[in-house]
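Enquirer: Dropping a structure here in structure tokens format, bear with me for questions.
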Amino acid sequence: MKTQLISLSVMAFAGAMFLSSFNKAEPPKKTKLADDALIKKGEYLVGILGCGDCHAPKMMTSQGPAPDPALGLSGHPSAIPMPKVNKEALKDWALFFPTLTMSVGPWGASFAANITPDATGIGSWTYEQFKIAMTQGKSKGIATARPLLPPMPWQNYVNMKDEDLRAVFAYLKSCKPIHNVIPQPISPDKL
């Protein structure tokens, strides 16, 4: 009798658990189609915003510099050292390195960031960090960090719609991660 009572209790409990699983409302899942559309929109925006102009390392072709597809949006190649700079030229010019990922001017030298989803890029970034970087011009999306340096045109993105920022972020997070540690900026007195 005791064994039958335990068996009935176990069966009743299992039955209750089984039935209760039907009553739980599952949270809506994002559809792959919606994610694909967001990423596609982000790819389009990254293209027309010109992100690759600086963040995609270039190779020289017969028609001038062209993005190196193997390096994606990985920023200034870490293997390329800072060349000697003619400080006299900086009185009248801002200059770009041939890869277009390094520039020098009155601010010193700046290097295009790695914006791939690798840990050396934006791999660990949250959307909020991305939004702070893009709309407030703060390094690594940290509100108390140094300002982003020229030629990053973050001022152009201050009023960018949230849906567009989210699309750009989704696209960047979907890109091939490329390990590339970017050099720190160099102040004018250290050039």
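By order in the structure tokens, chains are A, B, ...; within a chain, residues start at 1; ligands start at 1, following the order shown.
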Tell me, counting only C-alpha atoms, for each residue of stretch 99-146 of chain A within 8 Å of stretch 156-177 of chain A, which pair of atoms is nearest and how far apart they are in Å to one decimal, in rows ordered by chain and increasing number, as a Markdown table.

Expert:
```
| residue | atom | partner | partner_atom | distance |
| --- | --- | --- | --- | --- |
| A:Ile115 | CA | A:Leu172 | CA | 6.7 |
| A:Thr116 | CA | A:Pro177 | CA | 5.1 |
| A:Pro117 | CA | A:Pro177 | CA | 4.8 |
| A:Asp118 | CA | A:Pro177 | CA | 4.4 |
| A:Ile122 | CA | A:Lys173 | CA | 7.7 |
| A:Gly123 | CA | A:Lys173 | CA | 7.1 |
| A:Tyr127 | CA | A:Phe169 | CA | 7.0 |
| A:Phe130 | CA | A:Phe169 | CA | 7.2 |
| A:Lys131 | CA | A:Leu165 | CA | 7.0 |
| A:Met134 | CA | A:Tyr157 | CA | 6.1 |
| A:Thr135 | CA | A:Val158 | CA | 4.2 |
| A:Gln136 | CA | A:Val158 | CA | 6.8 |
```

Enquirer: With C-alpha atoms retained, could you export that selection as a PDB file, in the first residue's frame?

Expert:
```
ATOM      1  CA  ILE A 115      35.522  47.300 -35.158  1.00  0.00           C
ATOM      2  CA  THR A 116      35.258  43.548 -35.732  1.00  0.00           C
ATOM      3  CA  PRO A 117      33.676  41.328 -33.047  1.00  0.00           C
ATOM      4  CA  ASP A 118      37.067  40.057 -31.858  1.00  0.00           C
ATOM      5  CA  ILE A 122      34.224  45.459 -30.185  1.00  0.00           C
ATOM      6  CA  GLY A 123      33.707  41.793 -29.269  1.00  0.00           C
ATOM      7  CA  TYR A 127      25.103  48.169 -27.466  1.00  0.00           C
ATOM      8  CA  PHE A 130      28.656  51.425 -28.985  1.00  0.00           C
ATOM      9  CA  LYS A 131      26.021  54.151 -28.706  1.00  0.00           C
ATOM     10  CA  MET A 134      29.135  56.863 -31.759  1.00  0.00           C
ATOM     11  CA  THR A 135      27.022  59.660 -30.292  1.00  0.00           C
ATOM     12  CA  GLN A 136      29.250  61.066 -27.531  1.00  0.00           C
TER      13      GLN A 136
END
```

Enquirer: Rank A:Met59, A:Leu73, A:Ala143, A:Ile182 by their smallest atom-to-atom distance to A:Gly47, using only C-alpha atoms, and report the top residue only.

Expert: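 Residue with the minimum atom-to-atom distance to A:Gly47: A:Leu73.
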
Enquirer: Near A:Ile80, counting only C-alpha atoms, which residues have an atom at most 12 Å away, once you skip same-chain residues fewer than 4 positions from it, shown as an MDAnalysis selection string?

Expert: chainID A and resid 57 75:76 97:99 101:102 111 180:183

Enquirer: Would you mind exporting N, CA and C atoms of the selected residues as a compact mmCIF listing (two decimals), in the first residue's frame?

Expert:
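This went into out_9.txt:
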```
# COMPACT_ATOMS: atom_id res chain seq x y z
N PRO A 57 41.78 48.23 -43.52
CA PRO A 57 43.13 48.41 -44.05
C PRO A 57 43.13 48.26 -45.58
N GLY A 75 40.84 47.75 -38.53
CA GLY A 75 41.58 48.94 -38.12
C GLY A 75 43.03 48.92 -38.57
N HIS A 76 43.82 49.79 -37.94
CA HIS A 76 45.22 49.92 -38.33
C HIS A 76 45.98 48.62 -38.03
N PHE A 97 48.35 57.83 -43.60
CA PHE A 97 49.26 56.77 -44.00
C PHE A 97 48.62 56.07 -45.21
N PRO A 98 49.40 55.42 -46.10
CA PRO A 98 48.82 54.79 -47.30
C PRO A 98 47.70 53.78 -47.04
N THR A 99 47.66 53.14 -45.87
CA THR A 99 46.56 52.21 -45.57
C THR A 99 45.29 52.97 -45.22
N THR A 101 44.57 54.04 -42.43
CA THR A 101 44.17 53.65 -41.08
C THR A 101 44.92 54.41 -40.00
N MET A 102 45.85 55.26 -40.40
CA MET A 102 46.62 56.08 -39.46
C MET A 102 46.63 57.50 -40.00
N PHE A 111 44.92 56.17 -34.74
CA PHE A 111 44.86 54.91 -35.46
C PHE A 111 43.42 54.42 -35.49
N ASN A 180 43.46 41.96 -33.81
CA ASN A 180 44.37 43.05 -34.18
C ASN A 180 44.35 44.10 -33.08
N VAL A 181 45.45 44.19 -32.34
CA VAL A 181 45.57 45.17 -31.27
C VAL A 181 46.04 46.49 -31.88
N ILE A 182 45.25 47.52 -31.69
CA ILE A 182 45.55 48.83 -32.27
C ILE A 182 46.50 49.59 -31.36
N PRO A 183 47.49 50.30 -31.95
CA PRO A 183 48.38 51.13 -31.10
C PRO A 183 47.59 52.25 -30.41
```

Enquirer: Taking the backbone alone, and naming residues the way the document does, which bits of chain A are strand (DSSP E) by DSSP, as a PyMOL selection string?

Expert: chain A and resi 58-61+64-67+95-96+102-105+108-111

Enquirer: Only C-alpha atoms, please: the residues just picked out, written as a PDB file, in the first residue's frame.

Expert:
```pdb
ATOM      1  CA  LYS A  58      44.016  49.023 -47.688  1.00  0.00           C
ATOM      2  CA  MET A  59      46.245  47.409 -50.240  1.00  0.00           C
ATOM      3  CA  MET A  60      47.626  49.383 -53.146  1.00  0.00           C
ATOM      4  CA  THR A  61      46.120  48.598 -56.536  1.00  0.00           C
ATOM      5  CA  GLY A  64      44.908  53.402 -55.732  1.00  0.00           C
ATOM      6  CA  PRO A  65      44.170  52.042 -52.278  1.00  0.00           C
ATOM      7  CA  ALA A  66      41.418  49.426 -52.009  1.00  0.00           C
ATOM      8  CA  PRO A  67      40.125  47.609 -48.903  1.00  0.00           C
ATOM      9  CA  LEU A  95      48.240  63.455 -43.231  1.00  0.00           C
ATOM     10  CA  PHE A  96      47.090  59.884 -43.835  1.00  0.00           C
ATOM     11  CA  MET A 102      46.621  56.078 -39.456  1.00  0.00           C
ATOM     12  CA  SER A 103      46.505  59.849 -39.521  1.00  0.00           C
ATOM     13  CA  VAL A 104      48.548  62.663 -38.034  1.00  0.00           C
ATOM     14  CA  GLY A 105      47.687  66.274 -37.410  1.00  0.00           C
ATOM     15  CA  GLY A 108      49.110  63.906 -32.801  1.00  0.00           C
ATOM     16  CA  ALA A 109      48.740  60.460 -34.373  1.00  0.00           C
ATOM     17  CA  SER A 110      45.549  58.430 -34.307  1.00  0.00           C
ATOM     18  CA  PHE A 111      44.860  54.905 -35.461  1.00  0.00           C
TER      19      PHE A 111
END
```

Enquirer: Choose the residue, out of A:Ser62, A:Pro150, A:His179, A:Ser187, that has the smallest atom-to-atom separation from A:Ala79; count only C-alpha atoms.

Expert: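 Smallest separation from A:Ala79 among the options: A:His179.
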
Enquirer: Counting only C-alpha atoms, which of A:Thr120, A:Gln155, A:Thr144, A:Gln63 gets nearest to A:Pro77?

Expert: A:Thr120

Enquirer: Tell me which of A:Pro185, A:Gly121, A:Gly50, A:Pro69 sits closest to A:Leu149, counting only C-alpha atoms.

Expert: A:Pro185

Enquirer: Counting only C-alpha atoms, which of A:Cys51, A:Ile142, A:Ile39, A:Ala89 gets nearest to A:Trp154?

Expert: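 Of all the options, A:Cys51 lies closest to A:Trp154.
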
Enquirer: Nearest to A:Leu100: which of A:Leu71, A:Ala133, A:Ala112, A:Pro188 is it, counting only C-alpha atoms?

Expert: A:Ala112

Enquirer: Take atom CA of A:Asn114 and atom CA of A:Ala37 and report the distance between them in Å, one decimal.

Expert: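 So the answer is 24.0 Å.
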
Enquirer: For atom CA of A:Leu90 and atom CA of A:Pro106, determine how far apart the two atoms are, in Å to one decimal place.

Expert: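 Atom CA of A:Leu90 sits 6.5 Å away from atom CA of A:Pro106.
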
Enquirer: Rounded to one decimal in Å, what is the spacing between atom CA of A:Lys140 and atom CA of A:Leu191?

Expert: 23.5 Å
